[in-house]
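What's in input_10.pdb: PDB, C-alpha atoms
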ATOM      1  CA  MET L   1     -23.462  31.043  -9.213
ATOM      2  CA  ALA L   2     -26.047  32.011 -11.878
ATOM      3  CA  ARG L   3     -29.485  30.459 -11.734
ATOM      4  CA  GLU L   4     -30.828  28.688 -14.762
ATOM      5  CA  LYS L   5     -34.140  29.925 -16.053
ATOM      6  CA  LYS L   6     -36.741  27.166 -16.060
ATOM      7  CA  ASP L   7     -39.130  26.759 -18.960
ATOM      8  CA  ASP L   8     -42.124  26.931 -16.686
ATOM      9  CA  ASP L   9     -45.333  28.735 -17.619
ATOM     10  CA  SER L  10     -45.802  29.789 -13.999
ATOM     11  CA  LEU L  11     -42.896  32.227 -14.412
ATOM     12  CA  PHE L  12     -44.884  34.313 -16.897
ATOM     13  CA  TYR L  13     -47.799  36.552 -16.044
ATOM     14  CA  GLU L  14     -49.830  39.307 -17.643
ATOM     15  CA  ARG L  15     -48.399  42.693 -16.722
ATOM     16  CA  ARG L  16     -51.161  44.809 -18.265
ATOM     17  CA  ARG L  17     -53.573  46.443 -15.837
ATOM     18  CA  TYR L  18     -56.287  47.129 -18.402
ATOM     19  CA  PRO L  19     -57.947  44.839 -20.948
ATOM     20  CA  ARG L  20     -57.119  45.638 -24.576
ATOM     21  CA  VAL L  21     -59.639  46.091 -27.352
ATOM     22  CA  PRO L  22     -58.451  45.180 -30.850
ATOM     23  CA  VAL L  23     -59.142  47.947 -33.359
ATOM     24  CA  MET L  24     -57.950  48.955 -36.808
ATOM     25  CA  ILE L  25     -57.848  52.734 -36.916
ATOM     26  CA  MET L  26     -55.657  54.728 -39.265
ATOM     27  CA  PHE L  27     -54.151  57.913 -37.878
ATOM     28  CA  ASP L  28     -51.922  60.480 -39.536
ATOM     29  CA  ASN L  29     -51.024  62.901 -36.784
ATOM     30  CA  LEU L  30     -48.223  61.376 -34.730
ATOM     31  CA  PHE L  31     -45.615  63.799 -33.363
ATOM     32  CA  ASP L  32     -42.431  63.460 -31.309
ATOM     33  CA  THR L  33     -42.825  66.189 -28.672
ATOM     34  CA  GLU L  34     -39.148  66.207 -27.650
ATOM     35  CA  LYS L  35     -37.738  66.568 -31.166
ATOM     36  CA  LEU L  36     -40.696  68.719 -32.260
ATOM     37  CA  MET L  37     -41.123  66.723 -35.419
ATOM     38  CA  TYR L  38     -43.862  64.978 -37.342
ATOM     39  CA  ILE L  39     -43.372  61.201 -37.290
ATOM     40  CA  GLY L  40     -46.101  60.179 -39.657
ATOM     41  CA  ARG L  41     -49.093  57.926 -39.912
ATOM     42  CA  GLY L  42     -49.897  54.415 -38.843
ATOM     43  CA  PHE L  43     -52.579  51.976 -37.778
ATOM     44  CA  LEU L  44     -53.826  51.528 -34.260
ATOM     45  CA  ARG L  45     -53.775  47.816 -33.415
ATOM     46  CA  ASP L  46     -55.344  47.870 -29.953
ATOM     47  CA  ILE L  47     -56.283  50.295 -27.229
ATOM     48  CA  SER L  48     -56.887  50.130 -23.481
ATOM     49  CA  ALA L  49     -57.502  52.621 -20.685
ATOM     50  CA  GLY L  50     -53.738  52.666 -20.088
ATOM     51  CA  GLY L  51     -52.245  52.847 -23.561
ATOM     52  CA  VAL L  52     -52.150  51.846 -27.206
ATOM     53  CA  CYS L  53     -50.301  49.622 -29.619
ATOM     54  CA  PHE L  54     -49.907  50.848 -33.179
ATOM     55  CA  GLU L  55     -48.068  49.932 -36.357
ATOM     56  CA  VAL L  56     -45.731  52.302 -38.199
ATOM     57  CA  ARG L  57     -43.163  51.971 -40.988
ATOM     58  CA  ASP L  58     -40.197  53.450 -39.092
ATOM     59  CA  ASN L  59     -38.988  52.574 -35.630
ATOM     60  CA  ILE L  60     -39.629  54.932 -32.737
ATOM     61  CA  ARG L  61     -37.104  54.827 -29.926
ATOM     62  CA  LEU L  62     -37.997  53.584 -26.451
ATOM     63  CA  GLY L  63     -38.793  56.455 -24.117
ATOM     64  CA  ALA L  64     -39.877  58.789 -26.916
ATOM     65  CA  ARG L  65     -42.649  61.143 -25.872
ATOM     66  CA  LEU L  66     -45.421  61.385 -28.423
ATOM     67  CA  ALA L  67     -48.514  63.457 -29.108
ATOM     68  CA  LEU L  68     -51.412  62.073 -31.121
ATOM     69  CA  SER L  69     -55.138  62.386 -31.750
ATOM     70  CA  LEU L  70     -57.412  59.466 -32.583
ATOM     71  CA  GLU L  71     -60.909  58.966 -33.910
ATOM     72  CA  LEU L  72     -62.531  55.931 -32.313
ATOM     73  CA  PRO L  73     -64.889  53.636 -34.261
ATOM     74  CA  SER L  74     -67.701  55.077 -32.106
ATOM     75  CA  GLY L  75     -67.078  58.478 -33.743
ATOM     76  CA  SER L  76     -65.540  60.072 -30.639
ATOM     77  CA  THR L  77     -62.292  61.944 -31.159
ATOM     78  CA  LEU L  78     -59.517  61.816 -28.566
ATOM     79  CA  LYS L  79     -57.448  64.988 -28.961
ATOM     80  CA  HIS L  80     -54.020  66.007 -27.672
ATOM     81  CA  ILE L  81     -53.093  62.672 -26.115
ATOM     82  CA  ARG L  82     -49.576  62.401 -24.685
ATOM     83  CA  ALA L  83     -47.928  58.969 -24.580
ATOM     84  CA  GLU L  84     -44.527  57.367 -23.986
ATOM     85  CA  VAL L  85     -43.063  54.502 -26.008
ATOM     86  CA  VAL L  86     -42.442  51.474 -23.791
ATOM     87  CA  ARG L  87     -42.114  48.760 -26.440
ATOM     88  CA  SER L  88     -40.928  48.540 -30.024
ATOM     89  CA  LYS L  89     -40.857  45.316 -32.013
ATOM     90  CA  LYS L  90     -40.028  44.786 -35.674
ATOM     91  CA  GLU L  91     -42.574  42.591 -37.446
ATOM     92  CA  SER L  92     -41.582  41.984 -41.091
ATOM     93  CA  SER L  93     -41.738  45.428 -42.744
ATOM     94  CA  ILE L  94     -43.430  47.316 -39.885
ATOM     95  CA  TYR L  95     -42.827  48.164 -36.245
ATOM     96  CA  ALA L  96     -45.333  47.457 -33.472
ATOM     97  CA  ILE L  97     -45.051  50.317 -30.978
ATOM     98  CA  GLY L  98     -46.501  50.016 -27.474
ATOM     99  CA  CYS L  99     -47.205  53.205 -25.541
ATOM    100  CA  ILE L 100     -48.591  54.158 -22.169
ATOM    101  CA  PHE L 101     -50.703  57.269 -21.780
ATOM    102  CA  ASN L 102     -48.980  60.073 -19.868
ATOM    103  CA  LYS L 103     -51.706  62.647 -20.361
ATOM    104  CA  LEU L 104     -55.144  61.653 -21.524
ATOM    105  CA  GLY L 105     -57.272  64.377 -19.958
ATOM    106  CA  PHE L 106     -60.633  64.126 -18.241
ATOM    107  CA  PHE L 107     -62.910  64.285 -21.301
ATOM    108  CA  ASN L 108     -60.697  62.014 -23.412
ATOM    109  CA  GLY L 109     -60.662  59.550 -20.528
ATOM    110  CA  MET L 110     -64.466  59.602 -20.315
ATOM    111  CA  LYS L 111     -64.848  59.061 -24.080
ATOM    112  CA  LEU L 112     -62.319  56.233 -24.045
ATOM    113  CA  ARG L 113     -63.893  54.485 -21.055
ATOM    114  CA  MET L 114     -67.350  54.679 -22.669
ATOM    115  CA  PHE L 115     -65.973  53.165 -25.886
ATOM    116  CA  LEU L 116     -64.101  50.423 -24.025
ATOM    117  CA  ARG L 117     -67.063  49.494 -21.837
ATOM    118  CA  LYS L 118     -69.347  49.196 -24.837
ATOM    119  CA  ASP L 119     -66.829  47.278 -26.946
ATOM    120  CA  LEU L 120     -65.749  44.938 -24.149
ATOM    121  CA  LYS L 121     -69.388  44.191 -23.343
ATOM    122  CA  ILE L 122     -70.015  43.277 -26.989
ATOM    123  CA  GLN L 123     -66.930  41.026 -27.007
ATOM    124  CA  LEU L 124     -67.908  39.342 -23.731
ATOM    125  CA  ASP L 125     -71.499  38.825 -24.915
ATOM    126  CA  SER L 126     -70.315  37.164 -28.129
ATOM    127  CA  VAL L 127     -68.087  34.775 -26.138
ATOM    128  CA  LYS L 128     -70.969  33.719 -23.868
ATOM    129  CA  LYS L 129     -73.180  32.675 -26.802
TER     130      LYS L 129
END

Would you put the structure from the file into structure tokens?
Amino acid sequence: MAREKKDDDSLFYERRRYPRVPVMIMFDNLFDTEKLMYIGRGFLRDISAGGVCFEVRDNIRLGARLALSLELPSGSTLKHIRAEVVRSKKESSIYAIGCIFNKLGFFNGMKLRMFLRKDLKIQLDSVKK
């Protein structure tokens, strides 16, 4: 006998391990590493220590392995990042693509953590006031 799903908020929980920082960063160097092809450009929507969400015009299949480089608002550049697509959602004329980082690298990780700490502190300070 199948169980009925209850409409109870207690059944839902946040699965993300890292807090996200909303950003609007354009990038134009997104590659599919399995198909060895250039995918195109898009806009980064948010970033965390564990992954990114970005917007693109064409869908990218779940499980696709990507390579990208990003320039953070702080001026730091994250180069040769490897990520895997874990979510794809069509939103009007664009796709929101969620990825987890597979290979960030030591120095990229340091730059990203410094950016996130600074940005999250600013966000938290503005909420307290």

Report task. Tell me which residues the PyMOL selection byres ((chain L and resi 33-39) around 10) grabs here, as a PyMOL selection string. Result -> chain L and resi 28-32+40-42+56-60+64-68+82-83

Query - the PyMOL selection byres ((chain L and resi 103) around 7) resolved against shown file, as a VMD selection string - result: chain L and resid 81 to 83 101 to 102 104 to 105

Requested in this report: Go through L:Met110, L:Ile25, L:Cys53, L:Leu116 and flag the residue nearest Val86 (chain L), using all atoms listed in the file for the distances.
Outcome: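 Nearest to Val86 (chain L): L:Cys53.
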
List the residues matched by the PyMOL selection byres ((chain L and resi 55) around 7) in the displayed structure as a CSV table (one decimal) with C-alpha atoms, in the frame of the given file, ordered by chain and then by residue number.
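Below is the file that was written, out.csv:
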chain,number,residue,atom,x,y,z
L,42,GLY,CA,-49.9,54.4,-38.8
L,43,PHE,CA,-52.6,52.0,-37.8
L,44,LEU,CA,-53.8,51.5,-34.3
L,45,ARG,CA,-53.8,47.8,-33.4
L,54,PHE,CA,-49.9,50.8,-33.2
L,56,VAL,CA,-45.7,52.3,-38.2
L,94,ILE,CA,-43.4,47.3,-39.9
L,95,TYR,CA,-42.8,48.2,-36.2
L,96,ALA,CA,-45.3,47.5,-33.5
L,97,ILE,CA,-45.1,50.3,-31.0

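Note that the spacing between CA of Gly75 (chain L) and CA of Val52 (chain L) amounts to 17.6 Å.
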
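Separating CA of Pro22 (chain L) from CA of Lys79 (chain L) is a distance of 19.9 Å.
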
Report summary line: Students should find that CA of Ser76 (chain L) and CA of Met114 (chain L) are spaced 9.8 Å

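If you measure from each of L:Leu112, L:Thr77, L:Phe27, L:Glu71 to Ser48 (chain L) using only C-alpha atoms, the closest one turns out to be L:Leu112.
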
Output, as JSON, the centre and edge lengths in Å (one decimal) of the axis-aligned box that contains all listed atoms of region 104-116 of chain L with 5 Å of margin on each side.
{"center_x": -61.2, "center_y": 57.4, "center_z": -22.1, "size_x": 22.2, "size_y": 24.0, "size_z": 17.6}

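Closest to Leu62 (chain L) among L:Phe106, L:Ile47, L:His80, L:Gly98 is L:Gly98, based on only C-alpha atoms.
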
Query raised in the report: With distances taken over only C-alpha atoms, which of L:Ala49, L:Val85, L:Leu78, L:Cys99 is nearest to Gly63 (chain L)?
Result: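 Smallest distance to Gly63 (chain L) is found for L:Val85.
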
I need region 14-28 of chain L from the structure I supplied, saved as an mmCIF file, in the first residue's frame with all heavy atoms retained.
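Just written: decode_4.cif:
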data_model
loop_
_atom_site.group_PDB
_atom_site.id
_atom_site.type_symbol
_atom_site.label_atom_id
_atom_site.label_comp_id
_atom_site.auth_asym_id
_atom_site.auth_seq_id
_atom_site.Cartn_x
_atom_site.Cartn_y
_atom_site.Cartn_z
ATOM 1 N N GLU L 14 16.659 22.037 4.190
ATOM 2 C CA GLU L 14 17.715 22.576 3.335
ATOM 3 C C GLU L 14 18.815 21.532 3.185
ATOM 4 O O GLU L 14 19.357 21.051 4.175
ATOM 5 C CB GLU L 14 18.276 23.856 3.969
ATOM 6 C CG GLU L 14 19.357 24.513 3.172
ATOM 7 C CD GLU L 14 18.884 25.036 1.831
ATOM 8 O OE1 GLU L 14 17.879 25.751 1.794
ATOM 9 O OE2 GLU L 14 19.525 24.714 0.828
ATOM 10 N N ARG L 15 19.116 21.166 1.952
ATOM 11 C CA ARG L 15 20.126 20.150 1.702
ATOM 12 C C ARG L 15 21.516 20.739 1.490
ATOM 13 O O ARG L 15 22.495 20.026 1.510
ATOM 14 C CB ARG L 15 19.755 19.314 0.478
ATOM 15 C CG ARG L 15 18.518 18.469 0.703
ATOM 16 C CD ARG L 15 18.243 17.595 -0.464
ATOM 17 N NE ARG L 15 18.024 18.420 -1.648
ATOM 18 C CZ ARG L 15 17.845 17.946 -2.863
ATOM 19 N NH1 ARG L 15 17.866 16.662 -3.086
ATOM 20 N NH2 ARG L 15 17.650 18.753 -3.879
ATOM 21 N N ARG L 16 21.609 22.032 1.262
ATOM 22 C CA ARG L 16 22.903 22.651 0.989
ATOM 23 C C ARG L 16 23.754 22.697 2.250
ATOM 24 O O ARG L 16 23.277 23.040 3.316
ATOM 25 C CB ARG L 16 22.710 24.053 0.437
ATOM 26 C CG ARG L 16 22.118 24.030 -0.939
ATOM 27 C CD ARG L 16 21.894 25.440 -1.450
ATOM 28 N NE ARG L 16 21.308 25.416 -2.765
ATOM 29 C CZ ARG L 16 20.005 25.316 -2.996
ATOM 30 N NH1 ARG L 16 19.173 25.252 -1.997
ATOM 31 N NH2 ARG L 16 19.547 25.276 -4.220
ATOM 32 N N ARG L 17 25.038 22.392 2.079
ATOM 33 C CA ARG L 17 25.970 22.426 3.209
ATOM 34 C C ARG L 17 26.582 23.798 3.404
ATOM 35 O O ARG L 17 27.065 24.110 4.481
ATOM 36 C CB ARG L 17 27.094 21.415 2.981
ATOM 37 C CG ARG L 17 26.641 19.993 3.083
ATOM 38 C CD ARG L 17 27.729 18.991 2.807
ATOM 39 N NE ARG L 17 29.052 19.424 3.204
ATOM 40 C CZ ARG L 17 30.153 18.775 2.898
ATOM 41 N NH1 ARG L 17 30.085 17.683 2.180
ATOM 42 N NH2 ARG L 17 31.323 19.216 3.289
ATOM 43 N N TYR L 18 26.601 24.606 2.348
ATOM 44 C CA TYR L 18 27.283 25.894 2.396
ATOM 45 C C TYR L 18 26.309 27.021 2.079
ATOM 46 O O TYR L 18 25.482 26.893 1.190
ATOM 47 C CB TYR L 18 28.418 25.925 1.370
ATOM 48 C CG TYR L 18 29.382 24.781 1.508
ATOM 49 C CD1 TYR L 18 29.341 23.695 0.647
ATOM 50 C CD2 TYR L 18 30.355 24.780 2.509
ATOM 51 C CE1 TYR L 18 30.234 22.635 0.771
ATOM 52 C CE2 TYR L 18 31.245 23.729 2.641
ATOM 53 C CZ TYR L 18 31.186 22.661 1.770
ATOM 54 O OH TYR L 18 32.062 21.632 1.902
ATOM 55 N N PRO L 19 26.431 28.146 2.765
ATOM 56 C CA PRO L 19 25.563 29.288 2.452
ATOM 57 C C PRO L 19 25.904 29.859 1.075
ATOM 58 O O PRO L 19 27.064 29.876 0.667
ATOM 59 C CB PRO L 19 25.873 30.298 3.556
ATOM 60 C CG PRO L 19 27.149 29.861 4.168
ATOM 61 C CD PRO L 19 27.308 28.403 3.896
ATOM 62 N N ARG L 20 24.879 30.309 0.368
ATOM 63 C CA ARG L 20 25.059 30.868 -0.974
ATOM 64 C C ARG L 20 25.135 32.382 -0.907
ATOM 65 O O ARG L 20 24.479 33.007 -0.085
ATOM 66 C CB ARG L 20 23.892 30.467 -1.873
ATOM 67 C CG ARG L 20 23.818 28.978 -2.109
ATOM 68 C CD ARG L 20 22.607 28.644 -2.921
ATOM 69 N NE ARG L 20 21.415 28.828 -2.085
ATOM 70 C CZ ARG L 20 20.190 28.829 -2.541
ATOM 71 N NH1 ARG L 20 19.967 28.683 -3.819
ATOM 72 N NH2 ARG L 20 19.174 28.992 -1.724
ATOM 73 N N VAL L 21 25.920 32.939 -1.800
ATOM 74 C CA VAL L 21 26.036 34.389 -1.928
ATOM 75 C C VAL L 21 25.488 34.763 -3.298
ATOM 76 O O VAL L 21 25.990 34.285 -4.319
ATOM 77 C CB VAL L 21 27.502 34.852 -1.785
ATOM 78 C CG1 VAL L 21 27.638 36.328 -2.103
ATOM 79 C CG2 VAL L 21 28.017 34.538 -0.393
ATOM 80 N N PRO L 22 24.456 35.600 -3.339
ATOM 81 C CA PRO L 22 23.933 36.025 -4.645
ATOM 82 C C PRO L 22 24.934 36.950 -5.332
ATOM 83 O O PRO L 22 25.496 37.841 -4.699
ATOM 84 C CB PRO L 22 22.636 36.751 -4.306
ATOM 85 C CG PRO L 22 22.718 37.076 -2.860
ATOM 86 C CD PRO L 22 23.699 36.145 -2.230
ATOM 87 N N VAL L 23 25.166 36.696 -6.598
ATOM 88 C CA VAL L 23 26.074 37.510 -7.409
ATOM 89 C C VAL L 23 25.481 37.637 -8.805
ATOM 90 O O VAL L 23 24.584 36.889 -9.179
ATOM 91 C CB VAL L 23 27.493 36.900 -7.499
ATOM 92 C CG1 VAL L 23 28.220 36.934 -6.175
ATOM 93 C CG2 VAL L 23 27.453 35.495 -8.043
ATOM 94 N N MET L 24 25.984 38.569 -9.573
ATOM 95 C CA MET L 24 25.616 38.663 -10.986
ATOM 96 C C MET L 24 26.919 38.868 -11.754
ATOM 97 O O MET L 24 27.414 39.985 -11.871
ATOM 98 C CB MET L 24 24.635 39.812 -11.235
ATOM 99 C CG MET L 24 24.153 39.873 -12.671
ATOM 100 S SD MET L 24 23.439 38.341 -13.305
ATOM 101 C CE MET L 24 21.743 38.563 -12.905
ATOM 102 N N ILE L 25 27.485 37.758 -12.186
ATOM 103 C CA ILE L 25 28.768 37.774 -12.879
ATOM 104 C C ILE L 25 28.580 37.136 -14.247
ATOM 105 O O ILE L 25 28.109 36.008 -14.354
ATOM 106 C CB ILE L 25 29.837 36.974 -12.101
ATOM 107 C CG1 ILE L 25 30.001 37.507 -10.687
ATOM 108 C CG2 ILE L 25 31.159 36.984 -12.849
ATOM 109 C CD1 ILE L 25 30.861 36.623 -9.802
ATOM 110 N N MET L 26 28.965 37.837 -15.283
ATOM 111 C CA MET L 26 28.918 37.257 -16.621
ATOM 112 C C MET L 26 30.199 36.456 -16.852
ATOM 113 O O MET L 26 31.269 36.865 -16.436
ATOM 114 C CB MET L 26 28.813 38.346 -17.682
ATOM 115 C CG MET L 26 28.644 37.780 -19.065
ATOM 116 S SD MET L 26 28.485 39.116 -20.250
ATOM 117 C CE MET L 26 29.228 38.342 -21.648
ATOM 118 N N PHE L 27 30.046 35.299 -17.475
ATOM 119 C CA PHE L 27 31.223 34.520 -17.859
ATOM 120 C C PHE L 27 31.019 34.025 -19.287
ATOM 121 O O PHE L 27 29.903 33.854 -19.748
ATOM 122 C CB PHE L 27 31.490 33.364 -16.883
ATOM 123 C CG PHE L 27 30.387 32.363 -16.814
ATOM 124 C CD1 PHE L 27 30.375 31.252 -17.635
ATOM 125 C CD2 PHE L 27 29.346 32.529 -15.911
ATOM 126 C CE1 PHE L 27 29.355 30.327 -17.566
ATOM 127 C CE2 PHE L 27 28.319 31.609 -15.832
ATOM 128 C CZ PHE L 27 28.321 30.511 -16.661
ATOM 129 N N ASP L 28 32.119 33.815 -19.991
ATOM 130 C CA ASP L 28 31.994 33.391 -21.385
ATOM 131 C C ASP L 28 32.924 32.232 -21.727
ATOM 132 O O ASP L 28 33.289 32.026 -22.871
ATOM 133 C CB ASP L 28 32.248 34.568 -22.341
ATOM 134 C CG ASP L 28 33.649 35.109 -22.232
ATOM 135 O OD1 ASP L 28 34.403 34.644 -21.362
ATOM 136 O OD2 ASP L 28 33.983 35.993 -23.030
#
